[in-house]
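Asks: Below are the structure tokens for one structure; questions will follow.
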Amino acid sequence: MKLRVRINGAGHELEARTDESILDVVRRELGLLSVRETCGIGVCGACTVLLDGQSARSCLMLAVQANEHEIATVEGLAPSPDTLHPLQEAFRDNHGLQCGFCTPGILMTLVEFLRDHPDPTEDEVRVAISGNLCRCTGYQGIVAAALDAAKRMRKGG
């Protein structure tokens, strides 16, 4: 089946079987390798993308459900190849990642959260990322990075 989708701002026509997930199609058709399958049941959050601005577990959503919709992945987060998104900068500056495997899903979760909650508390950030599993960091750097990013984004950074 042919799908028409916008991914990271660009229009694409993709080929997908009716039983394929968004995750499988964007990896195979576009090489967007930040979209990762880890658990395959929507629990870990590593495959999180934004679908029309709302976080979605790409391992659980059939690709045909994305037809005529907008998908955002971490590859489209930075405003240019030379400039990081404030959230990416804050992750770098606050040691919000270690191995990096879970980071794309966490970033996409936080993009939506910070858009809707520009001045969050630490507890609100912890609740927001509670659906994203990280085995390396202990979450302290992630929470610090989210709070720092919120501050940067409020200042227009």
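Ordered as shown in the structure tokens, chains take letters A, B, and onward, while each chain numbers its residues from 1 and ligands are numbered from 1 in the order shown.
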Excluding same-chain residues fewer than 6 positions from range 90-97 of chain A, what lies within 12 Å of it counting only C-alpha atoms, as a list in words?
Replies: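 Result of the neighbour search: Leu84, Thr103, Pro104, Gly105, Ile106, Leu107, Leu110, Cys134, Arg135, Cys136, Thr137, Gly138, Tyr139, Gln140, Gly141, Ile142, Val143, Ala144, Ala145, Ala146, Leu147, Asp148, Ala149, Ala150, Lys151, Arg152, Met153 and Gly157 of chain A.
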Asks: If you run DSSP on the backbone here, which positions in chain A get alpha helix (DSSP H)? Please write them as an MDAnalysis selection string.
Replies: chainID A and resid 22:30 86:93 103:116 122:128 140:154
Asks: Run DSSP on the backbone and grab whatever in range 4-155 of chain A lands in strand (DSSP E); send it over as a PyMOL selection string.
Replies: chain A and resi 4-7+10-15+48-51+54-57+70-72
Asks: List the spatial neighbours of range 29-41 of chain A as a list in words - criterion: any atom at most 9 Å away, only C-alpha atoms, same-chain residues fewer than 6 positions off excluded.
Replies: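 Returned residues: Leu14, Glu15, Ala16, Leu23, Cys47, Thr48, Val49, Arg57, Ser58, Cys59, Leu60, Thr73, Val74, Glu75, Phe101, Cys102, Thr103, Pro104 and Gly105 of chain A.
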Asks: Under the rule that only C-alpha atoms are counted, which of A:Asp52, A:Asp116, A:Glu89, A:Glu122 is the nearest residue to Asn8 in chain A?
Replies: A:Asp52
Asks: Please provide as a list in words all residues within 12 Å of Lys2 in chain A, with the sequence filter that same-chain residues fewer than 5 positions apart are discarded (counting only C-alpha atoms).
Replies: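 Answer for this query is His12, Glu13, Leu14, Glu15, Ala16, Arg17, Thr18, Val25, Glu29, Ala63, Val64, Gln65, Ala66, Asn67 and Glu68 of chain A.
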Asks: Kindly give the distance, in Å, that separates CA of Asp19 in chain A and CA of Asn132 in chain A, rounded to a single decimal.
Replies: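 Calculated distance between CA of Asp19 in chain A and CA of Asn132 in chain A is 25.0 Å.
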Asks: Quick one: distance from CA of Ala72 in chain A to CA of Arg6 in chain A in Å, one decimal?
Replies: 8.3 Å
Asks: Pick the closest to Gly53 in chain A from A:Gln88, A:Cys99, A:Val111, A:Ser21: which is it, counting only C-alpha atoms?
Replies: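 Among A:Gln88, A:Cys99, A:Val111, A:Ser21, it is A:Val111 that comes nearest to Gly53 in chain A.
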Asks: Neighbours of Glu112 in chain A within 9 Å (only C-alpha atoms; same-chain residues fewer than 3 positions away dropped), as a list in words?
Replies: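 Final neighbour list, sorted by chain and number: Leu50, Gly53, Gln54, Ser55, Leu107, Met108, Thr109, Arg115, Asp116 and His117 of chain A.
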Asks: For Ala56 in chain A, which of A:Pro118, A:Gly131, A:Pro81, A:Gly156 is the closest residue, counting only C-alpha atoms?
Replies: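 Looking at the shortest contact to Ala56 in chain A, the residue is A:Gly131.
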